[in-house]
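Notes to accompany the following structure.
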Amino acid sequence: MIEKRAQTIQFFLPEGEPRGIRIVDITTRIVRAVLVPRSKLPEAAKRDELKSVGVYFLFGEPEDTAKPVVYIGEAEDCYRRFTQHNATKDFWHTGVAIVSKTGSFTKAHAKYLEWHCIMKAKEIGRFI
């Protein structure tokens, strides 16, 4: 059983709008999540958090599948990967990058996190 404990989660809305880019921190952890709606990709270029090593998720809901789709990857520059996928993958509407607040993730960390996230996603079965 997982022990429950109080946590503080901070949301930062750099554009001041809740449906735009969102940056989320659990204050006692070194990870940071950066959510980028695909339509806000040009604005995301200003976010230095995305230009670092991390694991990322592309979420979408294709019309021809019953379940939503997630693509899980790792990158040395998450923003660059988002822009590459923007040109080659049509299914996604939201990208989420998980990066280190301290800049301490290495390529090996990202590869492990990618593998772990893929295994968990398959185990849970919520996404294709």
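By order of appearance in the structure tokens: chains A, B, ..., then residues from 1 within every chain, and ligands from 1 in the order shown.
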Enumerate the residues of chain A with a DSSP assignment of strand (DSSP E or B), computed from the backbone, and present them as a PyMOL selection string. chain A and resi 9-12+22-26+31-37+54-60+69-75+92-100
DSSP-assigned alpha helix (DSSP H) among region 47-84 of chain A, expressed as a list of chain:residue names: A:Cys78, A:Tyr79, A:Arg80, A:Arg81, A:Phe82, A:Thr83, A:Gln84
Taking into account only C-alpha atoms, which residue in the set A:Arg32, A:Arg81, A:Arg126, A:Lys51 is nearest to Val99 (chain A)? A:Arg32
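Residue nearest Thr27 (chain A), chosen from A:Ala75, A:Lys122, A:Gln10, A:Ala110 and counting only C-alpha atoms: A:Gln10.
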Any idea what's packed within 12 Å of Ala108 (chain A), counting only C-alpha atoms, ignoring anything in its chain fewer than 2 positions away? Could you give it as a ChimeraX atom specification? /A:53-55,74-76,104-106,110-115
Those residues you just picked out, can you put them in a file as a PDB file, in the first residue's frame with N, CA, C and O atoms?
ATOM      1  N   VAL A  53      17.149  17.922 -21.100  1.00  0.00           N
ATOM      2  CA  VAL A  53      16.946  16.475 -21.146  1.00  0.00           C
ATOM      3  C   VAL A  53      15.681  16.110 -20.383  1.00  0.00           C
ATOM      4  O   VAL A  53      15.415  16.648 -19.306  1.00  0.00           O
ATOM      5  N   GLY A  54      14.909  15.195 -20.944  1.00  0.00           N
ATOM      6  CA  GLY A  54      13.713  14.750 -20.242  1.00  0.00           C
ATOM      7  C   GLY A  54      12.998  13.631 -20.971  1.00  0.00           C
ATOM      8  O   GLY A  54      13.438  13.159 -22.017  1.00  0.00           O
ATOM      9  N   VAL A  55      11.915  13.236 -20.385  1.00  0.00           N
ATOM     10  CA  VAL A  55      11.008  12.277 -20.996  1.00  0.00           C
ATOM     11  C   VAL A  55       9.751  13.075 -21.362  1.00  0.00           C
ATOM     12  O   VAL A  55       9.400  14.034 -20.675  1.00  0.00           O
ATOM     13  N   GLU A  74      12.019  10.111 -25.212  1.00  0.00           N
ATOM     14  CA  GLU A  74      13.017  10.820 -24.416  1.00  0.00           C
ATOM     15  C   GLU A  74      13.794  11.727 -25.362  1.00  0.00           C
ATOM     16  O   GLU A  74      13.866  11.470 -26.554  1.00  0.00           O
ATOM     17  N   ALA A  75      14.344  12.789 -24.787  1.00  0.00           N
ATOM     18  CA  ALA A  75      15.050  13.745 -25.641  1.00  0.00           C
ATOM     19  C   ALA A  75      16.109  14.493 -24.853  1.00  0.00           C
ATOM     20  O   ALA A  75      15.993  14.661 -23.637  1.00  0.00           O
ATOM     21  N   GLU A  76      17.108  14.974 -25.574  1.00  0.00           N
ATOM     22  CA  GLU A  76      18.097  15.864 -24.970  1.00  0.00           C
ATOM     23  C   GLU A  76      17.587  17.296 -24.978  1.00  0.00           C
ATOM     24  O   GLU A  76      18.037  18.121 -24.191  1.00  0.00           O
ATOM     25  N   SER A 104      19.728  18.179 -13.669  1.00  0.00           N
ATOM     26  CA  SER A 104      20.574  17.029 -13.347  1.00  0.00           C
ATOM     27  C   SER A 104      20.237  15.756 -14.112  1.00  0.00           C
ATOM     28  O   SER A 104      20.927  14.757 -13.945  1.00  0.00           O
ATOM     29  N   PHE A 105      19.212  15.769 -14.950  1.00  0.00           N
ATOM     30  CA  PHE A 105      18.915  14.578 -15.747  1.00  0.00           C
ATOM     31  C   PHE A 105      19.986  14.396 -16.820  1.00  0.00           C
ATOM     32  O   PHE A 105      20.384  15.356 -17.483  1.00  0.00           O
ATOM     33  N   THR A 106      20.406  13.151 -16.996  1.00  0.00           N
ATOM     34  CA  THR A 106      21.319  12.805 -18.079  1.00  0.00           C
ATOM     35  C   THR A 106      20.543  12.015 -19.118  1.00  0.00           C
ATOM     36  O   THR A 106      19.385  11.634 -18.897  1.00  0.00           O
ATOM     37  N   ALA A 110      16.954   9.817 -18.791  1.00  0.00           N
ATOM     38  CA  ALA A 110      15.824   9.957 -19.708  1.00  0.00           C
ATOM     39  C   ALA A 110      15.465   8.626 -20.360  1.00  0.00           C
ATOM     40  O   ALA A 110      14.293   8.282 -20.493  1.00  0.00           O
ATOM     41  N   LYS A 111      16.469   7.873 -20.765  1.00  0.00           N
ATOM     42  CA  LYS A 111      16.205   6.564 -21.383  1.00  0.00           C
ATOM     43  C   LYS A 111      15.539   5.618 -20.387  1.00  0.00           C
ATOM     44  O   LYS A 111      14.620   4.885 -20.744  1.00  0.00           O
ATOM     45  N   TYR A 112      16.000   5.625 -19.132  1.00  0.00           N
ATOM     46  CA  TYR A 112      15.364   4.785 -18.119  1.00  0.00           C
ATOM     47  C   TYR A 112      13.924   5.226 -17.884  1.00  0.00           C
ATOM     48  O   TYR A 112      13.011   4.390 -17.833  1.00  0.00           O
ATOM     49  N   LEU A 113      13.695   6.531 -17.735  1.00  0.00           N
ATOM     50  CA  LEU A 113      12.338   7.030 -17.494  1.00  0.00           C
ATOM     51  C   LEU A 113      11.409   6.712 -18.663  1.00  0.00           C
ATOM     52  O   LEU A 113      10.249   6.360 -18.466  1.00  0.00           O
ATOM     53  N   GLU A 114      11.927   6.818 -19.886  1.00  0.00           N
ATOM     54  CA  GLU A 114      11.127   6.458 -21.060  1.00  0.00           C
ATOM     55  C   GLU A 114      10.704   4.991 -20.975  1.00  0.00           C
ATOM     56  O   GLU A 114       9.528   4.663 -21.134  1.00  0.00           O
ATOM     57  N   TRP A 115      11.665   4.110 -20.719  1.00  0.00           N
ATOM     58  CA  TRP A 115      11.368   2.677 -20.609  1.00  0.00           C
ATOM     59  C   TRP A 115      10.349   2.426 -19.504  1.00  0.00           C
ATOM     60  O   TRP A 115       9.369   1.700 -19.703  1.00  0.00           O
TER      61      TRP A 115
END
Long-range neighbours of Gly20 (chain A) as an NGL selection string, 7 Å cut-off, only C-alpha atoms, 5 positions minimum in chain: :A and (15 or 36-37 or 40)
Keeping only N, CA and C atoms, take the residues you just selected and write them out as a CSV table (one decimal), in the first residue's frame.
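And here's selection32.csv as it stands now:
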chain,number,residue,atom,x,y,z
A,15,GLU,N,1.5,32.4,-19.5
A,15,GLU,CA,0.7,33.3,-20.3
A,15,GLU,C,-0.5,33.8,-19.6
A,36,VAL,N,2.2,21.6,-22.8
A,36,VAL,CA,2.2,22.5,-24.0
A,36,VAL,C,1.1,22.0,-24.9
A,37,PRO,N,0.0,22.8,-25.0
A,37,PRO,CA,-1.0,22.5,-26.1
A,37,PRO,C,-0.3,22.7,-27.4
A,40,LYS,N,0.0,26.0,-29.0
A,40,LYS,CA,0.9,26.9,-28.3
A,40,LYS,C,2.4,26.6,-28.5
Taking only C-alpha atoms into account, which of A:Ile124, A:Ile2, A:Val69, A:Val96 comes nearest Ile23 (chain A)? A:Val96
Can you pull out the residues contacting Lys67 (chain A)? Cut-off 8 Å, using only C-alpha atoms, and skip same-chain residues under 5 positions away; I want them as a ChimeraX atom specification. /A:61,126-128
Please produce a file of the residues just selected, as a short mmCIF file (atom, residue, chain, number, x, y, z; two decimals), in the first residue's frame, where the atoms kept are N, CA and C atoms.
data_model
loop_
_atom_site.label_atom_id
_atom_site.label_comp_id
_atom_site.auth_asym_id
_atom_site.auth_seq_id
_atom_site.Cartn_x
_atom_site.Cartn_y
_atom_site.Cartn_z
N GLU A 61 -6.32 11.91 -29.36
CA GLU A 61 -7.55 11.12 -29.40
C GLU A 61 -8.00 10.94 -30.84
N ARG A 126 -4.55 2.15 -20.25
CA ARG A 126 -5.50 3.25 -20.49
C ARG A 126 -5.35 3.87 -21.88
N PHE A 127 -4.15 3.78 -22.43
CA PHE A 127 -3.83 4.39 -23.71
C PHE A 127 -3.35 3.35 -24.71
N ILE A 128 -3.48 3.68 -25.97
CA ILE A 128 -2.86 2.89 -27.02
C ILE A 128 -1.47 3.44 -27.22
#
